[in-house]
Amino acid sequence: MLATLLRMIGAYRVYEGWLTDQVKSRDLPQHIGIVLDGNRRWGIYHTGIALDGHRIGAKAGEDFLEWCLELGIKTVTVYVFSTENFQRPKEEVDTILGLVEEEALKLMKDQRIHENKVRVTAIGRRDLLPRRLQTVLQDVEDATKRYDEHYLNVAIAYGGRAEIVDAARKIADGVRKGELAPDSIDEDMISKHLYTAHLPNPYPDVVIRTSGEERLSGFLLWQSAYSEFVFLDVYWPQFRKIDLLRAIRTFQLRRRRFGK
């Protein structure tokens, strides 16, 4: 059995190396959006405890960031917690937000963040979050706000429709104050009032969703108008580097097919 396991590990590493060479030989996406889905189902299936999936999923998020940095992906936007997720049982909501807080504290001290000059930003209706989590997220942003080589956006208390509504409110307020003329409102102005306005490229080249579900669930509705979508039949806690590489290769093959 051990020999079989070692052969499987060896084959995996060979395949991973081959895939890495393949994706690096073509244009890489500069902005990846990803919906981290399937934590609860993974937990129920593997341990019988849904919350275990969120805990393992947090570690998968750390690995994902490492892989993106290795590949030189400039911008990553991860969908962690939607506005609708507040409707889940209190224990689950508290666990998820507690894990986000733990991961944010790790990011603040993570040498990879500082060595790679990663600017970390939480996007969403942060006023809905517990006060302590709001403070931690603000501290991470303050510690990385001068970085501009890479961008990590954490979509939390986020909804795509809510984002557009908030942008419309800001623009309407500008018009009311006489700072904006109604005729000046165009697509570019709306983009400048979205949560992603700080990004050099707010439009993801590819959006990935795990767990086999094939819908956006309100993720980056405005920004993803021309994105490629890749839906993977794998729960987020078991997401591997080869899953990321295969998603990128799918994106590259589609772009090549259409001459982009």
# chains A, B, ... in the order shown; residues from 1 in each chain; ligands from 1
>>> closest_atom_pairs(of="segment 31-121 of chain A", to="segment 195-217 of chain A", cutoff="10 Å", atoms="only C-alpha atoms", output="Markdown table")
| residue | atom | partner | partner_atom | distance |
| --- | --- | --- | --- | --- |
| A:His31 | CA | A:Pro204 | CA | 4.6 |
| A:Ile32 | CA | A:Pro204 | CA | 5.3 |
| A:Gly33 | CA | A:Val207 | CA | 4.5 |
| A:Ile34 | CA | A:Ile208 | CA | 4.6 |
| A:Val35 | CA | A:Arg209 | CA | 4.7 |
| A:Leu36 | CA | A:Thr210 | CA | 6.1 |
| A:Asp37 | CA | A:Thr210 | CA | 5.2 |
| A:Gly38 | CA | A:Ser211 | CA | 4.9 |
| A:Asn39 | CA | A:Ser211 | CA | 8.5 |
| A:Arg41 | CA | A:Ser211 | CA | 8.7 |
| A:Trp42 | CA | A:Ser211 | CA | 9.1 |
| A:Lys74 | CA | A:Asn201 | CA | 9.2 |
| A:Thr75 | CA | A:Asn201 | CA | 7.9 |
| A:Val76 | CA | A:Pro204 | CA | 8.3 |
| A:Thr77 | CA | A:Pro204 | CA | 8.3 |
| A:Val78 | CA | A:Ile208 | CA | 9.6 |
| A:Tyr79 | CA | A:Arg209 | CA | 9.5 |
| A:Ser82 | CA | A:Ser217 | CA | 8.7 |
| A:Glu84 | CA | A:Ser217 | CA | 9.6 |
| A:Arg119 | CA | A:Leu199 | CA | 9.8 |
| A:Thr121 | CA | A:Thr196 | CA | 9.1 |
>>> select_by_dssp(residues="segment 1-212 of chain A", states="strand (DSSP E)", output="short mmCIF file (atom, residue, chain, number, x, y, z; two decimals) with C-alpha atoms, in the first residue's frame")
data_model
loop_
_atom_site.label_atom_id
_atom_site.label_comp_id
_atom_site.auth_asym_id
_atom_site.auth_seq_id
_atom_site.Cartn_x
_atom_site.Cartn_y
_atom_site.Cartn_z
CA HIS A 31 -6.88 38.95 -12.09
CA ILE A 32 -8.51 35.80 -10.73
CA GLY A 33 -11.84 35.86 -8.90
CA ILE A 34 -12.83 32.77 -6.94
CA VAL A 35 -15.97 31.65 -5.10
CA THR A 75 -4.72 40.34 -8.38
CA VAL A 76 -6.89 37.82 -6.55
CA THR A 77 -10.42 38.42 -5.31
CA VAL A 78 -11.87 35.74 -3.03
CA TYR A 79 -15.57 35.48 -2.18
CA VAL A 80 -15.55 34.54 1.50
CA PHE A 81 -18.91 35.57 2.94
CA SER A 82 -21.99 37.04 1.27
CA VAL A 118 0.51 42.50 -1.47
CA ARG A 119 -2.14 45.12 -0.77
CA VAL A 120 -4.98 43.51 1.20
CA THR A 121 -8.47 45.03 1.01
CA ALA A 122 -11.79 43.85 2.41
CA ILE A 123 -14.65 44.65 0.03
CA HIS A 150 -0.05 42.38 -5.87
CA TYR A 151 -3.64 42.79 -4.64
CA LEU A 152 -5.67 40.46 -2.43
CA ASN A 153 -9.33 41.41 -2.12
CA VAL A 154 -11.45 39.65 0.48
CA ALA A 155 -15.14 39.88 -0.42
CA ILE A 156 -16.90 39.71 2.96
CA ALA A 157 -20.45 40.80 3.78
CA TYR A 158 -20.44 41.22 0.01
CA VAL A 206 -11.33 34.38 -15.05
CA VAL A 207 -13.82 33.58 -12.28
CA ILE A 208 -13.56 30.15 -10.66
CA ARG A 209 -16.25 28.50 -8.55
#
>>> closest_residue(among="A:Trp18, A:Leu105, A:Trp67, A:Val234", to="Gln134 of chain A", atoms="only C-alpha atoms")
A:Leu105
>>> select_by_dssp(residues="segment 44-196 of chain A", states="alpha helix (DSSP H)", output="ChimeraX atom specification")
/A:44-46,50-71,90-109,111-115,131-144,160-176,187-192
>>> atom_distance(atom1="atom CA of Asn116 of chain A", atom2="atom CA of Leu71 of chain A")
12.1 Å
>>> residues_around(residues="Ile96 of chain A", least_positions_apart="6", cutoff="10 Å", atoms="only C-alpha atoms", output="PyMOL selection string")
chain A and resi 51+54-55+58+80-81+85+90+102
>>> write_last_selection(atoms="N, CA and C atoms", output="PDB file, in the first residue's frame")
ATOM      1  N   LEU A  51     -19.019  22.573  10.312  1.00  0.00           N
ATOM      2  CA  LEU A  51     -18.052  23.610  10.646  1.00  0.00           C
ATOM      3  C   LEU A  51     -16.613  23.168  10.370  1.00  0.00           C
ATOM      4  N   HIS A  54     -15.308  24.529   7.106  1.00  0.00           N
ATOM      5  CA  HIS A  54     -14.846  25.922   7.106  1.00  0.00           C
ATOM      6  C   HIS A  54     -13.426  26.017   7.655  1.00  0.00           C
ATOM      7  N   ARG A  55     -13.130  25.217   8.667  1.00  0.00           N
ATOM      8  CA  ARG A  55     -11.786  25.254   9.268  1.00  0.00           C
ATOM      9  C   ARG A  55     -10.738  24.761   8.277  1.00  0.00           C
ATOM     10  N   ALA A  58     -10.183  27.271   5.443  1.00  0.00           N
ATOM     11  CA  ALA A  58      -9.306  28.406   5.751  1.00  0.00           C
ATOM     12  C   ALA A  58      -7.866  28.083   5.386  1.00  0.00           C
ATOM     13  N   VAL A  80     -15.623  35.245   0.226  1.00  0.00           N
ATOM     14  CA  VAL A  80     -15.547  34.539   1.495  1.00  0.00           C
ATOM     15  C   VAL A  80     -16.910  34.430   2.176  1.00  0.00           C
ATOM     16  N   PHE A  81     -17.679  35.529   2.159  1.00  0.00           N
ATOM     17  CA  PHE A  81     -18.914  35.567   2.941  1.00  0.00           C
ATOM     18  C   PHE A  81     -19.846  36.590   2.308  1.00  0.00           C
ATOM     19  N   ASN A  85     -25.269  35.193   3.615  1.00  0.00           N
ATOM     20  CA  ASN A  85     -24.739  34.216   4.574  1.00  0.00           C
ATOM     21  C   ASN A  85     -25.071  34.559   6.029  1.00  0.00           C
ATOM     22  N   LYS A  90     -26.459  30.947  13.695  1.00  0.00           N
ATOM     23  CA  LYS A  90     -25.522  31.852  14.369  1.00  0.00           C
ATOM     24  C   LYS A  90     -24.175  31.198  14.630  1.00  0.00           C
ATOM     25  N   GLU A 102      -9.007  35.338  12.297  1.00  0.00           N
ATOM     26  CA  GLU A 102      -7.732  34.635  12.498  1.00  0.00           C
ATOM     27  C   GLU A 102      -6.839  34.752  11.270  1.00  0.00           C
TER      28      GLU A 102
END
>>> closest_residue(among="A:Ala181, A:Ala247, A:Ile56, A:Leu65", to="Leu107 of chain A", atoms="only C-alpha atoms")
A:Leu65
